[in-house]
$ cat final08.cif   # mmCIF, C-alpha atoms and all ligand atoms
data_my_file
#
loop_
_atom_site.label_atom_id
_atom_site.label_comp_id
_atom_site.auth_asym_id
_atom_site.auth_seq_id
_atom_site.Cartn_x
_atom_site.Cartn_y
_atom_site.Cartn_z
CA MET A 1 -32.02 11.89 -23.48
CA THR A 2 -32.40 11.81 -19.70
CA LEU A 3 -35.33 10.06 -18.01
CA LYS A 4 -36.79 13.46 -17.10
CA GLN A 5 -36.63 14.58 -20.74
CA LYS A 6 -38.20 11.32 -21.91
CA ILE A 7 -41.04 11.67 -19.41
CA ARG A 8 -41.62 15.26 -20.46
CA ALA A 9 -41.62 14.21 -24.12
CA GLY A 10 -44.15 11.49 -23.28
CA ARG A 11 -41.74 8.79 -24.44
CA THR A 12 -41.67 6.76 -21.27
CA VAL A 13 -43.84 6.06 -18.28
CA PRO A 14 -42.27 7.18 -15.00
CA PRO A 15 -41.77 4.58 -12.29
CA ALA A 16 -44.22 4.87 -9.43
CA CYS A 17 -41.47 6.13 -7.14
CA TYR A 18 -40.12 8.65 -9.65
CA TYR A 19 -41.63 11.79 -8.22
CA LEU A 20 -40.49 10.89 -4.74
CA CYS A 21 -36.84 10.99 -5.73
CA MET A 22 -35.00 14.20 -6.36
CA GLN A 23 -32.60 12.70 -8.92
CA THR A 24 -32.33 9.43 -10.81
CA LEU A 25 -29.43 7.10 -10.05
CA ARG A 26 -28.02 7.79 -13.52
CA GLU A 27 -27.98 11.51 -12.75
CA VAL A 28 -26.39 10.95 -9.34
CA ILE A 29 -23.62 8.78 -10.83
CA GLU A 30 -22.97 11.25 -13.67
CA ASP A 31 -22.84 14.08 -11.18
CA ALA A 32 -20.33 12.20 -9.01
CA ARG A 33 -18.23 11.39 -12.05
CA GLY A 34 -18.13 15.04 -13.07
CA LYS A 35 -17.05 16.06 -9.57
CA ARG A 36 -14.54 13.16 -9.37
CA ILE A 37 -16.10 11.85 -6.19
CA ALA A 38 -17.79 8.52 -5.47
CA ILE A 39 -21.21 7.54 -4.16
CA GLY A 40 -21.12 4.96 -1.38
CA HIS A 41 -22.82 1.59 -1.91
CA PHE A 42 -23.53 -0.18 1.38
CA ASN A 43 -24.73 -3.77 1.72
CA ILE A 44 -27.48 -4.58 4.19
CA SER A 45 -29.57 -7.63 5.11
CA ASP A 46 -31.98 -6.27 7.71
CA SER A 47 -33.93 -3.15 8.60
CA TYR A 48 -31.50 -2.02 11.33
CA GLN A 49 -28.62 -1.89 8.88
CA PHE A 50 -30.92 -0.17 6.39
CA ARG A 51 -31.80 2.52 8.92
CA ALA A 52 -28.12 3.00 9.72
CA VAL A 53 -27.35 3.70 6.04
CA LYS A 54 -30.38 5.94 5.69
CA GLU A 55 -29.56 8.02 8.78
CA ALA A 56 -25.91 8.35 7.72
CA ALA A 57 -26.93 9.57 4.24
CA LYS A 58 -29.36 12.01 5.84
CA ALA A 59 -26.71 13.35 8.23
CA CYS A 60 -24.27 13.89 5.32
CA ALA A 61 -26.98 15.26 2.98
CA MET A 62 -25.58 12.96 0.29
CA PRO A 63 -27.09 10.28 -1.95
CA ALA A 64 -26.28 6.66 -1.11
CA ILE A 65 -26.91 3.26 -2.66
CA VAL A 66 -28.27 0.37 -0.63
CA GLY A 67 -27.01 -2.97 -1.93
CA VAL A 68 -28.56 -6.38 -1.49
CA SER A 69 -26.85 -9.41 -2.98
CA GLU A 70 -28.80 -12.59 -3.78
CA GLY A 71 -28.23 -13.94 -0.24
CA GLU A 72 -29.08 -10.60 1.35
CA ARG A 73 -32.27 -10.40 -0.75
CA GLU A 74 -33.24 -13.82 0.48
CA ALA A 75 -32.71 -12.71 4.10
CA LEU A 76 -34.51 -9.36 3.83
CA GLY A 77 -37.00 -10.00 1.02
CA VAL A 78 -36.92 -8.48 -2.46
CA HIS A 79 -40.10 -6.43 -2.05
CA GLU A 80 -39.25 -5.53 1.55
CA ALA A 81 -35.97 -3.97 0.32
CA VAL A 82 -37.85 -1.94 -2.29
CA ALA A 83 -40.40 -0.80 0.32
CA LEU A 84 -37.68 0.40 2.70
CA VAL A 85 -35.98 2.47 0.01
CA MET A 86 -39.25 3.92 -1.26
CA ALA A 87 -40.17 4.94 2.28
CA ALA A 88 -36.85 6.78 2.58
CA ARG A 89 -37.46 8.51 -0.74
CA ALA A 90 -40.85 9.62 0.52
CA GLU A 91 -38.89 11.51 3.19
CA GLY A 92 -36.99 13.26 0.38
CA LEU A 93 -33.76 11.24 0.57
CA ASN A 94 -31.75 10.33 -2.50
CA LEU A 95 -31.46 6.68 -1.62
CA PHE A 96 -31.19 4.02 -4.33
CA LEU A 97 -31.45 0.25 -4.43
CA ASN A 98 -29.03 -2.09 -6.22
CA ALA A 99 -29.41 -5.83 -6.87
CA ASP A 100 -25.82 -6.67 -6.02
CA HIS A 101 -23.95 -9.70 -7.45
CA THR A 102 -26.76 -11.35 -9.38
CA HIS A 103 -25.86 -14.57 -11.16
CA THR A 104 -28.91 -15.50 -13.20
CA ILE A 105 -31.24 -13.73 -15.61
CA ASP A 106 -34.23 -14.90 -13.58
CA LYS A 107 -32.93 -13.05 -10.51
CA ILE A 108 -32.14 -9.99 -12.65
CA LYS A 109 -35.73 -9.98 -13.93
CA GLU A 110 -37.10 -10.42 -10.41
CA ALA A 111 -35.16 -7.38 -9.15
CA ILE A 112 -36.04 -5.18 -12.12
CA ASP A 113 -39.71 -6.14 -11.94
CA ALA A 114 -39.74 -5.35 -8.21
CA GLY A 115 -38.48 -1.79 -8.82
CA PHE A 116 -34.70 -1.84 -8.22
CA ASP A 117 -32.74 1.13 -9.60
CA SER A 118 -29.78 -0.93 -10.77
CA VAL A 119 -28.64 -4.52 -11.16
CA ILE A 120 -25.27 -6.23 -11.38
CA ILE A 121 -25.00 -9.23 -13.60
CA ASP A 122 -22.06 -11.06 -12.08
CA ALA A 123 -20.74 -13.46 -14.69
CA SER A 124 -17.06 -12.67 -14.25
CA HIS A 125 -16.27 -16.31 -13.39
CA LEU A 126 -17.43 -17.38 -16.87
CA PRO A 127 -15.28 -17.32 -20.03
CA PHE A 128 -15.26 -13.86 -21.66
CA ASP A 129 -17.78 -14.72 -24.42
CA GLN A 130 -20.24 -16.27 -21.99
CA ASN A 131 -19.87 -13.33 -19.61
CA MET A 132 -20.70 -11.00 -22.52
CA ALA A 133 -23.69 -13.09 -23.64
CA LEU A 134 -25.28 -13.16 -20.16
CA THR A 135 -24.52 -9.47 -19.60
CA ARG A 136 -26.15 -8.58 -22.94
CA GLU A 137 -29.29 -10.46 -21.86
CA ALA A 138 -29.46 -8.46 -18.63
CA VAL A 139 -29.04 -5.19 -20.55
CA ALA A 140 -31.79 -6.15 -23.02
CA TYR A 141 -34.24 -6.87 -20.18
CA ALA A 142 -33.41 -3.59 -18.41
CA ARG A 143 -33.83 -1.55 -21.59
CA ALA A 144 -37.23 -3.08 -22.29
CA CYS A 145 -38.65 -2.62 -18.78
CA GLY A 146 -39.96 0.93 -19.24
CA ARG A 147 -37.79 2.43 -16.47
CA ASP A 148 -34.22 3.68 -16.49
CA VAL A 149 -32.56 0.74 -14.72
CA LEU A 150 -28.75 0.81 -14.73
CA VAL A 151 -26.89 -2.39 -15.55
CA GLU A 152 -23.41 -3.09 -14.24
CA GLY A 153 -21.15 -5.73 -15.77
CA GLU A 154 -18.12 -7.36 -14.12
CA LEU A 155 -14.80 -8.17 -15.69
CA GLY A 156 -12.07 -9.67 -13.51
CA MET A 157 -12.02 -11.96 -10.48
CA ILE A 158 -11.94 -10.33 -7.05
CA GLY A 159 -13.29 -13.16 -4.87
CA SER A 160 -16.88 -13.54 -3.79
CA GLY A 161 -17.42 -13.47 -0.03
CA SER A 162 -17.75 -10.40 2.18
CA GLU A 163 -16.01 -12.12 5.07
CA VAL A 164 -12.89 -12.15 7.20
CA LEU A 165 -10.32 -14.25 5.33
CA ASP A 166 -7.12 -15.98 6.43
CA ALA A 167 -5.65 -15.54 2.94
CA PRO A 168 -6.71 -14.04 -0.41
CA PRO A 169 -8.86 -16.50 -2.44
CA ALA A 170 -6.80 -18.59 -4.87
CA ASP A 171 -8.85 -17.59 -7.92
CA ILE A 172 -8.51 -13.80 -7.72
CA ASP A 173 -6.86 -12.07 -10.70
CA LYS A 174 -3.21 -11.28 -10.24
CA ASP A 175 -3.34 -9.43 -13.56
CA PHE A 176 -5.79 -6.60 -13.31
CA THR A 177 -8.58 -6.02 -15.84
CA ASP A 178 -7.20 -5.16 -19.26
CA PRO A 179 -8.45 -1.73 -20.46
CA GLN A 180 -8.80 -2.85 -24.09
CA GLN A 181 -10.75 -5.98 -23.20
CA ALA A 182 -12.89 -3.83 -20.91
CA ALA A 183 -13.59 -1.48 -23.84
CA GLN A 184 -14.75 -4.42 -25.98
CA PHE A 185 -16.87 -5.72 -23.10
CA ALA A 186 -18.52 -2.31 -22.63
CA ARG A 187 -19.08 -1.77 -26.37
CA GLU A 188 -20.53 -5.19 -27.07
CA THR A 189 -22.78 -5.46 -24.02
CA GLY A 190 -24.11 -1.90 -23.71
CA ILE A 191 -23.66 -1.80 -19.91
CA ASP A 192 -23.92 1.46 -17.95
CA LEU A 193 -21.21 0.78 -15.36
CA ILE A 194 -18.25 -1.57 -15.16
CA ALA A 195 -16.70 -3.37 -12.19
CA PRO A 196 -13.05 -4.28 -12.82
CA ALA A 197 -10.25 -5.96 -10.87
CA VAL A 198 -7.80 -3.22 -9.88
CA GLY A 199 -6.20 -4.56 -6.70
CA ASN A 200 -9.55 -4.84 -4.90
CA MET A 201 -10.82 -7.99 -3.23
CA HIS A 202 -14.08 -8.98 -1.54
CA GLY A 203 -13.60 -9.43 2.19
CA VAL A 204 -10.80 -8.39 4.53
CA LEU A 205 -7.71 -10.21 5.74
CA ARG A 206 -7.66 -11.32 9.37
CA SER A 207 -4.07 -10.06 9.59
CA GLY A 208 -5.35 -6.53 8.98
CA ALA A 209 -3.12 -6.17 5.90
CA GLN A 210 -4.64 -3.64 3.52
CA GLN A 211 -5.07 -3.96 -0.24
CA LYS A 212 -3.46 -1.51 -2.66
CA LEU A 213 -5.80 -0.06 -5.29
CA ASP A 214 -4.41 0.77 -8.72
CA ALA A 215 -5.83 4.23 -9.49
CA LYS A 216 -3.91 4.42 -12.77
CA ARG A 217 -5.63 1.25 -14.00
CA VAL A 218 -8.99 2.69 -12.93
CA GLU A 219 -8.28 5.77 -15.04
CA GLU A 220 -7.22 3.70 -18.05
CA ILE A 221 -10.40 1.59 -17.88
CA ALA A 222 -12.56 4.69 -17.39
CA GLN A 223 -10.99 6.20 -20.50
CA SER A 224 -11.08 3.07 -22.67
CA THR A 225 -14.71 2.25 -21.83
CA GLY A 226 -16.09 5.77 -21.37
CA LEU A 227 -18.04 4.37 -18.40
CA PRO A 228 -18.20 5.12 -14.68
CA ILE A 229 -16.18 2.55 -12.73
CA VAL A 230 -17.63 0.69 -9.74
CA LEU A 231 -15.08 -0.31 -7.14
CA HIS A 232 -16.14 -3.52 -5.41
CA GLY A 233 -14.45 -5.03 -2.39
CA GLY A 234 -13.85 -1.66 -0.77
CA SER A 235 -13.33 -2.95 2.79
CA GLY A 236 -9.69 -3.12 3.78
CA SER A 237 -8.46 -0.30 1.51
CA PRO A 238 -6.43 2.69 2.70
CA ASP A 239 -8.39 5.96 2.83
CA GLU A 240 -6.02 7.67 0.39
CA ASP A 241 -6.61 4.91 -2.18
CA PHE A 242 -10.36 5.54 -2.06
CA VAL A 243 -9.76 9.21 -2.80
CA ALA A 244 -7.32 8.36 -5.62
CA VAL A 245 -9.68 5.89 -7.36
CA ALA A 246 -12.61 8.31 -7.08
CA LYS A 247 -10.48 10.98 -8.76
CA ALA A 248 -9.54 8.42 -11.41
CA GLY A 249 -13.14 7.58 -12.34
CA ALA A 250 -14.64 5.28 -9.69
CA ALA A 251 -18.07 6.88 -9.23
CA GLU A 252 -19.43 4.16 -6.93
CA ILE A 253 -17.63 2.33 -4.12
CA HIS A 254 -18.94 -0.84 -2.45
CA ILE A 255 -18.48 -1.55 1.24
CA SER A 256 -19.81 -4.62 3.00
CA THR A 257 -17.39 -6.60 5.21
CA ASP A 258 -16.36 -3.59 7.34
CA LEU A 259 -20.05 -2.94 8.08
CA ARG A 260 -20.72 -6.59 8.89
CA VAL A 261 -17.80 -6.65 11.32
CA ALA A 262 -18.89 -3.39 12.99
CA TYR A 263 -22.50 -4.62 13.25
CA ARG A 264 -21.50 -7.90 14.87
CA LYS A 265 -19.12 -6.23 17.34
CA GLY A 266 -21.81 -3.71 18.28
CA ILE A 267 -24.37 -6.44 18.89
CA GLU A 268 -21.86 -8.38 21.01
CA GLN A 269 -21.38 -5.24 23.10
CA GLY A 270 -25.16 -4.86 23.34
CA LEU A 271 -25.53 -8.42 24.61
CA GLN A 272 -22.81 -7.83 27.20
CA GLN A 273 -24.31 -4.52 28.25
CA PHE A 274 -27.84 -5.94 28.62
CA PRO A 275 -27.29 -9.62 29.54
CA ASP A 276 -30.95 -10.24 30.43
CA GLU A 277 -32.51 -8.20 27.64
CA VAL A 278 -34.74 -10.05 25.17
CA ALA A 279 -36.02 -7.10 23.10
CA PRO A 280 -33.90 -7.35 19.94
CA TYR A 281 -34.02 -3.61 19.19
CA LYS A 282 -32.33 -2.93 22.53
CA TYR A 283 -29.32 -5.22 22.22
CA ILE A 284 -29.03 -4.58 18.45
CA ALA A 285 -28.96 -0.78 18.90
CA PRO A 286 -25.16 -0.56 19.51
CA GLY A 287 -24.65 -2.52 16.27
CA GLU A 288 -26.87 -0.16 14.33
CA GLN A 289 -25.07 2.86 15.78
CA ALA A 290 -21.67 1.41 14.85
CA VAL A 291 -22.79 0.83 11.25
CA GLU A 292 -24.23 4.34 11.00
CA LYS A 293 -21.00 5.89 12.23
CA LEU A 294 -18.92 3.90 9.74
CA VAL A 295 -21.22 4.61 6.79
CA GLU A 296 -21.06 8.31 7.63
CA LYS A 297 -17.26 8.15 7.61
CA PHE A 298 -17.24 6.48 4.18
CA ILE A 299 -19.83 8.83 2.65
CA LYS A 300 -17.74 11.81 3.73
CA LEU A 301 -14.48 10.27 2.52
CA PHE A 302 -15.88 9.23 -0.88
CA GLY A 303 -17.73 12.53 -1.28
CA GLY A 304 -14.76 14.73 -0.39
CA ILE A 305 -16.69 16.33 2.47
O1 LIG A 401 -20.57 -5.93 -3.52
C1 LIG A 401 -20.12 -5.83 -2.36
C2 LIG A 401 -18.83 -5.29 -2.16
O2 LIG A 401 -18.03 -5.36 -3.25
C3 LIG A 401 -18.26 -5.33 -0.81
O3 LIG A 401 -16.92 -5.75 -0.70
O4 LIG A 401 -17.03 -6.82 1.51
O5 LIG A 401 -14.85 -6.20 0.51
O6 LIG A 401 -16.40 -4.43 1.30
P1 LIG A 401 -16.27 -5.81 0.75
ZN ZN A 402 -18.98 -6.71 -4.79
#
$ encode --input "final08.cif" --output "structure tokens"
Amino acid sequence: MTLKQKIRAGRTVPPACYYLCMQTLREVIEDARGKRIAIGHFNISDSYQFRAVKEAAKACAMPAIVGVSEGEREALGVHEAVALVMAARAEGLNLFLNADHTHTIDKIKEAIDAGFDSVIIDASHLPFDQNMALTREAVAYARACGRDVLVEGELGMIGSGSEVLDAPPADIDKDFTDPQQAAQFARETGIDLIAPAVGNMHGVLRSGAQQKLDAKRVEEIAQSTGLPIVLHGGSGSPDEDFVAVAKAGAAEIHISTDLRVAYRKGIEQGLQQFPDEVAPYKYIAPGEQAVEKLVEKFIKLFGGI
């Protein structure tokens, strides 16, 4: 039963923002999966980056997911992030909010209680059984909250920092996520989406070397779990790999480092261009524009536009 059907049947209370949004995130992800395209997930930590994502989604007339990890939530504010997304929805945009890489149940509860559309319980560094136990707890809290909050689980190590790296982190998985173990993980936790290791890595290499994504493995995991795949660590992947993994079942693709790099470079240009300027919105503007341009490129690429 979809959220709309449940509301109509009087079986659930709609979230306050419900009527402002044209579709639920679950519907958007299912739609993308059916069309074999992916929805872009873009990390932000301030209102300029937020506006860049929002304007790019508006220009493409496509849904988009705004992601805030624990650190990014600390920088921006949990309730501030919700308020920004709700304001965009009030303009009729299909913009959603994800609590990215969340490591504790307390932080999961905080995000769900604040009104996030989805949460990621990131316990992939723990032994399999402990990962499953924590993930199950997150799912139980989401199911009991009275809203349709999606829960994503992670299986496989792909590094943790959205930064420019000299070398791949030592602890990333050389063997990609096993489709059968992923099926057990999905079955026994009840998650809605799964984030595997398929050649992806958080961050980019300073050398500019690109990562190779294994679309066949994405397809195998999509089939074995029956779930939409979330591709993390998107920065530093070839464009054709994005298209291939979306076709294979990756319905959501995360980009952060590329946006951070573009934002910083833009701000550096702004500072050079206006050496005596002290109004932040003036010297930050080139950074915001650079992020918007890049997000637009990714939305179009992932969406097959
Ligand atoms: O959750 C965030 C992403 O997976 C971003 O990864 O920094 O490699 O683009 P990235
Ligand atoms: Zn990630």
$ residues_around --input "final08.cif" --residues "range 254-260 of chain A" --least-positions-apart "4" --cutoff "6 Å" --atoms "all atoms listed in the file" --output "list in words"
His41, Phe42, Asn43, Ser162, Glu163, Gly203, His232, Gly234, Ser235 and Val291 of chain A
$ write_last_selection --input "final08.cif" --atoms "C-alpha atoms" --output "compact mmCIF listing (two decimals), in the coordinates of the input"
# COMPACT_ATOMS: atom_id res chain seq x y z
CA HIS A 41 -22.82 1.59 -1.91
CA PHE A 42 -23.53 -0.18 1.38
CA ASN A 43 -24.73 -3.77 1.72
CA SER A 162 -17.75 -10.40 2.18
CA GLU A 163 -16.01 -12.12 5.07
CA GLY A 203 -13.60 -9.43 2.19
CA HIS A 232 -16.14 -3.52 -5.41
CA GLY A 234 -13.85 -1.66 -0.77
CA SER A 235 -13.33 -2.95 2.79
CA VAL A 291 -22.79 0.83 11.25
$ atom_distance --input "final08.cif" --atom1 "CA of Ala251 in chain A" --atom2 "CA of Asp192 in chain A"
11.8 Å
$ closest_residue --input "final08.cif" --among "A:Lys109, A:Arg206, A:Lys282, A:His101" --to "ligand ZN 402 (chain A)" --atoms "all atoms listed in the file"
A:His101
$ residues_around --input "final08.cif" --residues "Cys145 in chain A" --least-positions-apart "4" --cutoff "9 Å" --atoms "all atoms listed in the file" --output "list in words"
Ile112, Asp113, Ala140, Tyr141 and Val149 of chain A
$ atom_distance --input "final08.cif" --atom1 "CA of Ala83 in chain A" --atom2 "CA of Glu70 in chain A"
17.0 Å
$ residues_around --input "final08.cif" --residues "Ala38 in chain A" --least-positions-apart "2" --cutoff "8 Å" --atoms "only C-alpha atoms" --output "ChimeraX atom specification"
/A:29,32-33,36,40,246,250-253,302-303
$ closest_residue --input "final08.cif" --among "A:Val78, A:Leu97, A:Leu150, A:Ala182" --to "Glu27 in chain A" --atoms "all atoms listed in the file"
A:Leu150
$ residues_near_point --input "final08.cif" --point "(-27.5, 4.7, -10.4)" --cutoff "7 Å" --atoms "all atoms listed in the file" --output "list in words"
Thr24, Leu25, Arg26, Val28, Ile29, Asp117, Ser118 and Leu150 of chain A
$ decode --input "final08.cif" --residues "range 63-160 of chain A" --atoms "C-alpha atoms" --output "short mmCIF file (atom, residue, chain, number, x, y, z; two decimals), in the first residue's frame"
data_model
loop_
_atom_site.label_atom_id
_atom_site.label_comp_id
_atom_site.auth_asym_id
_atom_site.auth_seq_id
_atom_site.Cartn_x
_atom_site.Cartn_y
_atom_site.Cartn_z
CA PRO A 63 13.40 15.49 -8.43
CA ALA A 64 16.61 15.62 -6.40
CA ILE A 65 17.75 14.51 -2.96
CA VAL A 66 19.64 16.83 -0.64
CA GLY A 67 22.04 14.92 1.61
CA VAL A 68 23.45 15.98 4.94
CA SER A 69 25.86 13.68 6.75
CA GLU A 70 26.34 13.91 10.53
CA GLY A 71 29.09 16.54 10.10
CA GLU A 72 27.08 18.48 7.54
CA ARG A 73 24.04 18.41 9.85
CA GLU A 74 26.17 19.83 12.61
CA ALA A 75 27.34 22.65 10.32
CA LEU A 76 23.92 23.52 8.87
CA GLY A 77 21.56 22.45 11.66
CA VAL A 78 19.13 19.52 11.56
CA HIS A 79 15.98 21.65 11.67
CA GLU A 80 17.47 24.28 9.36
CA ALA A 81 18.00 21.55 6.71
CA VAL A 82 14.38 20.44 7.06
CA ALA A 83 13.16 24.05 6.80
CA LEU A 84 15.12 24.66 3.59
CA VAL A 85 13.70 21.57 1.91
CA MET A 86 10.15 22.30 3.07
CA ALA A 87 10.43 25.82 1.67
CA ALA A 88 11.46 24.38 -1.70
CA ARG A 89 8.53 21.98 -1.61
CA ALA A 90 6.22 24.90 -0.94
CA GLU A 91 7.38 26.18 -4.34
CA GLY A 92 6.24 22.86 -5.85
CA LEU A 93 9.66 21.23 -6.19
CA ASN A 94 10.19 17.51 -5.66
CA LEU A 95 13.12 17.96 -3.32
CA PHE A 96 13.84 15.41 -0.59
CA LEU A 97 16.08 15.31 2.47
CA ASN A 98 18.34 12.41 3.45
CA ALA A 99 20.26 11.90 6.71
CA ASP A 100 23.42 10.67 5.05
CA HIS A 101 25.95 8.34 6.76
CA THR A 102 24.42 8.14 10.22
CA HIS A 103 26.30 6.03 12.73
CA THR A 104 24.11 5.88 15.81
CA ILE A 105 20.46 5.16 16.54
CA ASP A 106 20.21 8.43 18.48
CA LYS A 107 21.15 10.41 15.36
CA ILE A 108 18.74 8.30 13.27
CA LYS A 109 15.93 9.14 15.70
CA GLU A 110 16.86 12.83 15.68
CA ALA A 111 16.65 12.99 11.87
CA ILE A 112 13.40 11.03 11.63
CA ASP A 113 11.79 13.11 14.38
CA ALA A 114 12.87 16.30 12.61
CA GLY A 115 11.09 15.26 9.38
CA PHE A 116 13.76 13.75 7.09
CA ASP A 117 12.48 11.66 4.16
CA SER A 118 15.17 9.01 4.44
CA VAL A 119 18.05 7.92 6.65
CA ILE A 120 21.19 5.87 6.12
CA ILE A 121 22.34 3.72 8.96
CA ASP A 122 26.03 3.37 8.21
CA ALA A 123 27.29 0.36 10.12
CA SER A 124 29.29 -1.20 7.30
CA HIS A 125 32.51 -1.04 9.34
CA LEU A 126 30.98 -3.41 11.93
CA PRO A 127 30.94 -7.22 11.68
CA PHE A 128 28.01 -8.47 9.55
CA ASP A 129 25.80 -9.50 12.51
CA GLN A 130 26.30 -6.19 14.30
CA ASN A 131 25.65 -4.26 11.10
CA MET A 132 22.37 -6.17 10.72
CA ALA A 133 21.36 -5.62 14.36
CA LEU A 134 21.89 -1.83 14.19
CA THR A 135 20.22 -1.61 10.79
CA ARG A 136 17.19 -3.52 12.10
CA GLU A 137 16.89 -1.02 14.95
CA ALA A 138 16.87 1.88 12.49
CA VAL A 139 14.20 0.18 10.38
CA ALA A 140 12.03 -0.48 13.46
CA TYR A 141 12.17 3.20 14.48
CA ALA A 142 11.33 4.38 10.96
CA ARG A 143 8.38 2.00 10.64
CA ALA A 144 6.93 3.16 13.96
CA CYS A 145 7.24 6.91 13.29
CA GLY A 146 3.92 7.36 11.47
CA ARG A 147 5.51 8.60 8.23
CA ASP A 148 6.94 6.74 5.26
CA VAL A 149 10.64 7.23 6.00
CA LEU A 150 12.99 5.19 3.80
CA VAL A 151 15.88 3.37 5.44
CA GLU A 152 19.09 2.59 3.59
CA GLY A 153 21.57 -0.01 4.81
CA GLU A 154 25.24 -0.31 3.82
CA LEU A 155 27.18 -3.44 3.05
CA GLY A 156 30.81 -3.11 1.96
CA MET A 157 33.62 -0.67 2.71
CA ILE A 158 34.09 2.25 0.33
CA GLY A 159 36.01 4.70 2.55
CA SER A 160 34.46 7.51 4.52
#
